[in-house]
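Dropping query_8.cif in here (mmCIF, C-alpha atoms):
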data_protein
loop_
_atom_site.group_PDB
_atom_site.id
_atom_site.type_symbol
_atom_site.label_atom_id
_atom_site.label_comp_id
_atom_site.auth_asym_id
_atom_site.auth_seq_id
_atom_site.Cartn_x
_atom_site.Cartn_y
_atom_site.Cartn_z
ATOM 1 C CA ASN A 109 79.336 122.071 95.034
ATOM 2 C CA ALA A 110 81.047 120.267 92.153
ATOM 3 C CA GLY A 111 82.669 117.864 94.647
ATOM 4 C CA VAL A 112 85.907 116.249 93.459
ATOM 5 C CA THR A 113 86.802 116.865 89.824
ATOM 6 C CA GLN A 114 89.505 115.164 87.791
ATOM 7 C CA THR A 115 90.951 115.934 84.385
ATOM 8 C CA PRO A 116 91.499 114.462 81.901
ATOM 9 C CA LYS A 117 89.051 111.533 81.830
ATOM 10 C CA PHE A 118 91.186 109.559 79.378
ATOM 11 C CA GLN A 119 94.846 109.825 78.415
ATOM 12 C CA VAL A 120 97.225 107.825 76.252
ATOM 13 C CA LEU A 121 100.956 108.337 76.757
ATOM 14 C CA LYS A 122 104.040 106.887 75.186
ATOM 15 C CA THR A 123 106.711 105.358 77.390
ATOM 16 C CA GLY A 124 108.969 108.065 78.781
ATOM 17 C CA GLN A 125 106.495 110.922 78.449
ATOM 18 C CA SER A 126 105.499 112.969 81.472
ATOM 19 C CA MET A 127 102.130 114.403 82.386
ATOM 20 C CA THR A 128 100.073 115.801 85.240
ATOM 21 C CA LEU A 129 96.697 114.480 86.356
ATOM 22 C CA GLN A 130 94.608 117.264 87.820
ATOM 23 C CA CYS A 131 92.414 116.993 90.910
ATOM 24 C CA ALA A 132 90.386 119.732 92.540
ATOM 25 C CA GLN A 133 87.760 119.866 95.294
ATOM 26 C CA ASP A 134 85.509 122.712 96.369
ATOM 27 C CA MET A 135 84.501 121.367 99.786
ATOM 28 C CA ASN A 136 87.409 122.894 101.741
ATOM 29 C CA HIS A 137 88.612 119.409 102.633
ATOM 30 C CA GLU A 138 91.936 119.034 104.381
ATOM 31 C CA TYR A 139 92.757 115.441 103.429
ATOM 32 C CA MET A 140 93.353 114.573 99.776
ATOM 33 C CA SER A 141 94.722 111.414 98.242
ATOM 34 C CA TRP A 142 95.537 109.638 95.000
ATOM 35 C CA TYR A 143 94.796 105.958 94.381
ATOM 36 C CA ARG A 144 95.348 103.678 91.457
ATOM 37 C CA GLN A 145 92.922 100.877 90.643
ATOM 38 C CA ASP A 146 94.086 97.742 88.906
ATOM 39 C CA PRO A 147 92.034 94.572 88.270
ATOM 40 C CA GLY A 148 92.008 92.247 91.275
ATOM 41 C CA MET A 149 94.070 94.619 93.411
ATOM 42 C CA GLY A 150 91.556 97.046 94.770
ATOM 43 C CA LEU A 151 92.581 100.647 95.342
ATOM 44 C CA ARG A 152 96.182 101.328 96.289
ATOM 45 C CA LEU A 153 97.288 104.606 97.839
ATOM 46 C CA ILE A 154 99.941 106.499 95.863
ATOM 47 C CA HIS A 155 100.340 109.772 97.793
ATOM 48 C CA TYR A 156 98.268 111.747 100.247
ATOM 49 C CA SER A 157 98.129 115.174 101.861
ATOM 50 C CA VAL A 158 96.704 116.191 105.243
ATOM 51 C CA GLY A 159 96.690 119.878 104.353
ATOM 52 C CA ALA A 160 98.202 122.553 102.136
ATOM 53 C CA GLY A 161 101.982 122.245 102.043
ATOM 54 C CA ILE A 162 102.025 118.725 103.526
ATOM 55 C CA THR A 163 102.345 115.552 101.455
ATOM 56 C CA ASP A 164 103.458 112.005 102.169
ATOM 57 C CA GLN A 165 103.908 108.694 100.411
ATOM 58 C CA GLY A 166 101.391 105.925 100.276
ATOM 59 C CA GLU A 167 101.765 102.284 99.348
ATOM 60 C CA VAL A 168 102.959 102.689 95.729
ATOM 61 C CA PRO A 169 104.654 106.115 95.344
ATOM 62 C CA ASN A 170 107.469 105.245 92.925
ATOM 63 C CA GLY A 171 107.272 107.111 89.620
ATOM 64 C CA TYR A 172 104.832 109.722 90.923
ATOM 65 C CA ASN A 173 105.177 113.173 92.472
ATOM 66 C CA VAL A 174 102.621 115.384 94.180
ATOM 67 C CA SER A 175 102.394 118.867 95.613
ATOM 68 C CA ARG A 176 99.702 120.699 97.592
ATOM 69 C CA SER A 177 100.116 124.439 97.249
ATOM 70 C CA THR A 178 96.418 125.167 97.889
ATOM 71 C CA THR A 179 93.644 123.439 99.828
ATOM 72 C CA GLU A 180 91.667 122.927 96.620
ATOM 73 C CA ASP A 181 94.209 121.342 94.257
ATOM 74 C CA PHE A 182 96.263 118.169 94.453
ATOM 75 C CA PRO A 183 97.943 117.333 91.109
ATOM 76 C CA LEU A 184 99.666 114.015 90.448
ATOM 77 C CA ARG A 185 102.721 114.069 88.187
ATOM 78 C CA LEU A 186 104.039 111.105 86.256
ATOM 79 C CA LEU A 187 107.719 111.777 85.737
ATOM 80 C CA SER A 188 108.527 109.252 82.986
ATOM 81 C CA ALA A 189 105.554 107.090 82.090
ATOM 82 C CA ALA A 190 105.959 103.311 81.995
ATOM 83 C CA PRO A 191 103.516 100.607 80.805
ATOM 84 C CA SER A 192 103.218 99.462 84.461
ATOM 85 C CA GLN A 193 101.501 102.788 85.183
ATOM 86 C CA THR A 194 98.583 101.893 82.923
ATOM 87 C CA SER A 195 95.679 102.095 85.363
ATOM 88 C CA VAL A 196 92.647 104.037 86.477
ATOM 89 C CA TYR A 197 93.557 106.862 88.845
ATOM 90 C CA PHE A 198 91.209 108.237 91.480
ATOM 91 C CA CYS A 199 91.546 111.343 93.573
ATOM 92 C CA ALA A 200 89.664 111.567 96.873
ATOM 93 C CA SER A 201 89.169 114.109 99.630
ATOM 94 C CA SER A 202 87.704 114.180 103.137
ATOM 95 C CA SER A 203 87.309 116.340 106.181
ATOM 96 C CA PRO A 204 85.062 114.520 108.603
ATOM 97 C CA ARG A 205 83.921 116.382 111.678
ATOM 98 C CA GLY A 206 86.113 115.570 114.635
ATOM 99 C CA PHE A 207 88.723 113.792 112.535
ATOM 100 C CA ARG A 208 90.746 116.537 110.891
ATOM 101 C CA GLY A 209 93.277 115.291 108.378
ATOM 102 C CA ARG A 210 91.993 111.701 108.412
ATOM 103 C CA PRO A 211 90.808 109.728 105.374
ATOM 104 C CA TYR A 212 87.407 109.010 106.904
ATOM 105 C CA GLU A 213 84.300 109.462 104.752
ATOM 106 C CA GLN A 214 86.231 110.085 101.566
ATOM 107 C CA TYR A 215 84.649 111.538 98.438
ATOM 108 C CA PHE A 216 86.071 110.161 95.194
ATOM 109 C CA GLY A 217 86.374 111.829 91.825
ATOM 110 C CA PRO A 218 85.227 110.157 88.577
ATOM 111 C CA GLY A 219 88.696 108.864 87.703
ATOM 112 C CA THR A 220 91.260 109.192 84.920
ATOM 113 C CA ARG A 221 91.897 106.179 82.705
ATOM 114 C CA LEU A 222 95.569 106.219 81.679
ATOM 115 C CA THR A 223 97.148 103.973 79.065
ATOM 116 C CA VAL A 224 100.908 103.926 78.544
ATOM 117 C CA THR A 225 102.112 102.300 75.325
ATOM 118 C CA GLY B 782 101.365 97.437 107.873
ATOM 119 C CA GLU B 783 97.691 96.742 107.515
ATOM 120 C CA ASN B 784 96.480 94.056 105.109
ATOM 121 C CA VAL B 785 92.824 93.598 104.184
ATOM 122 C CA GLU B 786 91.474 90.456 102.552
ATOM 123 C CA GLN B 787 88.018 90.400 100.965
ATOM 124 C CA HIS B 788 85.828 87.446 99.957
ATOM 125 C CA PRO B 789 84.280 86.430 97.687
ATOM 126 C CA SER B 790 85.738 88.083 94.606
ATOM 127 C CA THR B 791 82.449 87.610 92.738
ATOM 128 C CA LEU B 792 78.955 86.997 94.060
ATOM 129 C CA SER B 793 75.761 86.319 92.123
ATOM 130 C CA VAL B 794 72.396 86.406 93.864
ATOM 131 C CA GLN B 795 68.783 86.336 92.795
ATOM 132 C CA GLU B 796 66.822 89.547 93.174
ATOM 133 C CA GLY B 797 65.277 89.648 96.622
ATOM 134 C CA ASP B 798 67.901 87.396 98.209
ATOM 135 C CA SER B 799 70.530 88.565 100.689
ATOM 136 C CA ALA B 800 74.213 89.132 99.917
ATOM 137 C CA VAL B 801 77.098 88.948 102.372
ATOM 138 C CA ILE B 802 80.654 90.117 101.739
ATOM 139 C CA LYS B 803 83.372 89.426 104.286
ATOM 140 C CA CYS B 804 86.671 91.120 105.059
ATOM 141 C CA THR B 805 89.483 90.337 107.453
ATOM 142 C CA TYR B 806 92.199 92.722 108.578
ATOM 143 C CA SER B 807 95.604 92.133 110.101
ATOM 144 C CA ASP B 808 96.327 95.114 112.364
ATOM 145 C CA SER B 809 94.512 94.959 115.694
ATOM 146 C CA ALA B 810 95.030 98.742 116.023
ATOM 147 C CA SER B 811 92.626 99.404 113.126
ATOM 148 C CA ASN B 812 89.489 101.158 114.289
ATOM 149 C CA TYR B 813 87.612 102.493 111.236
ATOM 150 C CA PHE B 814 86.047 100.242 108.600
ATOM 151 C CA PRO B 815 84.221 101.792 105.622
ATOM 152 C CA TRP B 816 82.483 100.124 102.703
ATOM 153 C CA TYR B 817 82.436 101.657 99.240
ATOM 154 C CA LYS B 818 80.258 100.894 96.223
ATOM 155 C CA GLN B 819 81.606 101.474 92.735
ATOM 156 C CA GLU B 820 79.274 101.512 89.769
ATOM 157 C CA LEU B 821 80.601 100.980 86.257
ATOM 158 C CA GLY B 822 82.669 103.935 85.046
ATOM 159 C CA LYS B 823 82.364 105.874 88.297
ATOM 160 C CA GLY B 824 84.420 106.557 91.384
ATOM 161 C CA PRO B 825 83.759 104.630 94.617
ATOM 162 C CA GLN B 826 81.060 106.001 96.899
ATOM 163 C CA LEU B 827 80.902 105.508 100.657
ATOM 164 C CA ILE B 828 77.770 103.544 101.587
ATOM 165 C CA ILE B 829 78.323 102.713 105.248
ATOM 166 C CA ASP B 830 81.112 102.715 107.814
ATOM 167 C CA ILE B 831 81.678 101.463 111.329
ATOM 168 C CA ARG B 832 84.058 102.360 114.115
ATOM 169 C CA SER B 833 85.521 99.924 116.585
ATOM 170 C CA ASN B 834 83.335 100.957 119.499
ATOM 171 C CA VAL B 835 80.290 99.641 117.637
ATOM 172 C CA GLY B 836 79.471 96.017 116.792
ATOM 173 C CA GLU B 837 76.771 96.571 114.185
ATOM 174 C CA LYS B 838 75.366 99.429 112.147
ATOM 175 C CA LYS B 839 72.324 99.474 109.855
ATOM 176 C CA ASP B 840 71.112 101.808 107.154
ATOM 177 C CA GLN B 841 67.894 100.617 105.511
ATOM 178 C CA ARG B 842 68.784 97.462 103.517
ATOM 179 C CA ILE B 843 72.490 97.480 104.294
ATOM 180 C CA ALA B 844 74.253 96.597 107.527
ATOM 181 C CA VAL B 845 77.814 96.119 108.651
ATOM 182 C CA THR B 846 78.986 93.913 111.510
ATOM 183 C CA LEU B 847 82.365 94.027 113.212
ATOM 184 C CA ASN B 848 84.104 91.359 115.265
ATOM 185 C CA LYS B 849 87.248 92.941 116.695
ATOM 186 C CA THR B 850 88.366 89.774 118.448
ATOM 187 C CA ALA B 851 88.407 87.816 115.193
ATOM 188 C CA LYS B 852 89.462 90.887 113.177
ATOM 189 C CA HIS B 853 86.759 90.605 110.586
ATOM 190 C CA PHE B 854 83.836 92.688 109.392
ATOM 191 C CA SER B 855 81.033 91.994 106.958
ATOM 192 C CA LEU B 856 78.603 93.822 104.697
ATOM 193 C CA HIS B 857 75.047 92.522 104.560
ATOM 194 C CA ILE B 858 72.598 93.596 101.861
ATOM 195 C CA THR B 859 69.020 92.381 102.256
ATOM 196 C CA GLU B 860 66.263 92.257 99.616
ATOM 197 C CA THR B 861 68.779 92.820 96.841
ATOM 198 C CA GLN B 862 67.740 94.794 93.768
ATOM 199 C CA PRO B 863 69.315 95.035 90.283
ATOM 200 C CA GLU B 864 70.668 98.488 91.158
ATOM 201 C CA ASP B 865 72.766 96.862 93.887
ATOM 202 C CA SER B 866 74.906 95.310 91.129
ATOM 203 C CA ALA B 867 78.342 96.939 91.463
ATOM 204 C CA VAL B 868 81.827 96.394 92.855
ATOM 205 C CA TYR B 869 82.044 96.658 96.634
ATOM 206 C CA PHE B 870 85.241 97.478 98.527
ATOM 207 C CA CYS B 871 85.968 97.174 102.212
ATOM 208 C CA ALA B 872 88.775 99.128 103.876
ATOM 209 C CA ALA B 873 90.473 99.606 107.224
ATOM 210 C CA ILE B 874 92.622 102.192 108.939
ATOM 211 C CA MET B 875 94.518 102.402 112.195
ATOM 212 C CA GLU B 876 93.570 104.879 114.900
ATOM 213 C CA TYR B 877 95.454 108.143 114.182
ATOM 214 C CA GLY B 878 96.494 106.671 110.835
ATOM 215 C CA ASN B 879 96.514 108.525 107.528
ATOM 216 C CA LYS B 880 96.381 105.617 105.110
ATOM 217 C CA LEU B 881 93.232 103.749 104.238
ATOM 218 C CA VAL B 882 93.916 100.159 103.077
ATOM 219 C CA PHE B 883 91.397 98.590 100.707
ATOM 220 C CA GLY B 884 90.392 95.029 100.011
ATOM 221 C CA ALA B 885 90.561 93.709 96.435
ATOM 222 C CA GLY B 886 86.841 94.167 95.825
ATOM 223 C CA THR B 887 83.753 91.996 95.253
ATOM 224 C CA ILE B 888 81.737 92.071 92.038
ATOM 225 C CA LEU B 889 78.081 91.673 93.030
ATOM 226 C CA ARG B 890 75.585 90.678 90.349
ATOM 227 C CA VAL B 891 71.887 90.704 91.177
ATOM 228 C CA LYS B 892 69.909 88.639 88.691
ATOM 229 C CA SER B 893 66.311 89.608 88.026
#
In structure tokens, write the structure found in this file.
Amino acid sequence: NAGVTQTPKFQVLKTGQSMTLQCAQDMNHEYMSWYRQDPGMGLRLIHYSVGAGITDQGEVPNGYNVSRSTTEDFPLRLLSAAPSQTSVYFCASSSPRGFRGRPYEQYFGPGTRLTVT
Amino acid sequence: GENVEQHPSTLSVQEGDSAVIKCTYSDSASNYFPWYKQELGKGPQLIIDIRSNVGEKKDQRIAVTLNKTAKHFSLHITETQPEDSAVYFCAAIMEYGNKLVFGAGTILRVKS
């Protein structure tokens, strides 16, 4: 298994541009999530999905959209990039036995470092 | 909603010494408490977790303790090694919840 993969690894955007961060997992996990990591603030949940066709907002959803058309893929879209969205973005997935659709025992991808100028 | 505080923000120990990182949480309904280790340039990796029906859990040199009455839990690393140097995150989630809430992280440096 490749686990959780994210592309691109690095991205530089200008203010106002849009882009999609890709996330895929090959473990047939039901739960997938997007976090952003900023210095001194830990990991903050942006959006999550408990299964194909189901998404919901996390702690910091503004400026981001998600969709979950398949079990494997969970892309994160930045609608109009702002300097405040400069961060490292992590995708994670999980499907722990006995806890379907819960973020227990999450597997994280390698991250995407995004800079907005 | 849940709020998780983590201390200290940085911790330096001598190789072979023990390291302790502490977290407190606000929601008494939280019942799952994982710890993640993040090495430089990588995504976080789950190293140990504990559920509220257990007071302590060990896995070789690492252990986690939970005090539900005081709403705090701690990570203990014994006989630290240079490869333990990383950022450690604690987290908490409510029973039947969908959102994991993380602490701000602790940078652990093990000096050889």
Q) What's the 9 Å shell around stretch 209-219 of chain A, counting all atoms listed in the file, without same-chain residues fewer than 2 positions away, as a VMD selection string? A) (chain A and resid 111 to 118 131 to 133 137 to 141 157 to 159 196 to 204 207 221) or (chain B and resid 813 815 822 to 827 830 874 877 to 881)
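Across the model, the gap from atom CA of B:Leu856 to atom CA of B:Gly797 is 16.1 Å.
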Q: Evaluate the PyMOL selection byres ((chain B) within 12 of (chain A)) and record the selected residues as number ranges by chain, following the chain and residue labels used in the document.
A: B: 782-791, 812-832, 868-888
Q.
Which residues are near A:Gly124? Cut-off 7 Å, all atoms listed in the file, ignore same chain within fewer than 4 positions. Put them as a ChimeraX atom specification.
A. /A:188-190
Q. Which neighbours of B:Gly836 fall inside 7 Å, counting all atoms listed in the file, when residues of the same chain fewer than 4 positions from it are skipped, and could you give them as a ChimeraX atom specification?
A. /B:846-848
Requested write-out: C-alpha atoms of the selected residues, as a JSON list (two decimals), in the frame of the given file:
[["chain", "number", "residue", "atom", "x", "y", "z"],
["B", 846, "THR", "CA", 78.99, 93.91, 111.51],
["B", 847, "LEU", "CA", 82.36, 94.03, 113.21],
["B", 848, "ASN", "CA", 84.10, 91.36, 115.26]]
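Atom CA of A:Ile162 lies 10.3 Å from atom CA of A:Thr179.
With only C-alpha atoms as the atoms that count, the minimum distance from A:Ser126 to the choices A:Arg144, A:Leu187, A:Ser192, A:Ala110 is reached by A:Leu187.
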Box for stretch 815-825 of chain B: with edges along x, y and z, all listed atoms inside and 4 Å added on each side, what are the centre and edge lengths in Å to one decimal, as lines of an AutoDock Vina configuration file?
center_x = 81.8
center_y = 103.3
center_z = 95.3
size_x = 13.1
size_y = 14.4
size_z = 28.6
Q: Starting from the displayed file, determine the output of the PyMOL selection byres ((chain B and resi 802) around 6) and express the residue list as a count of residues only.
A: 4
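The space between atom CA of A:Glu180 and atom CA of A:Asn136 spans 6.7 Å.
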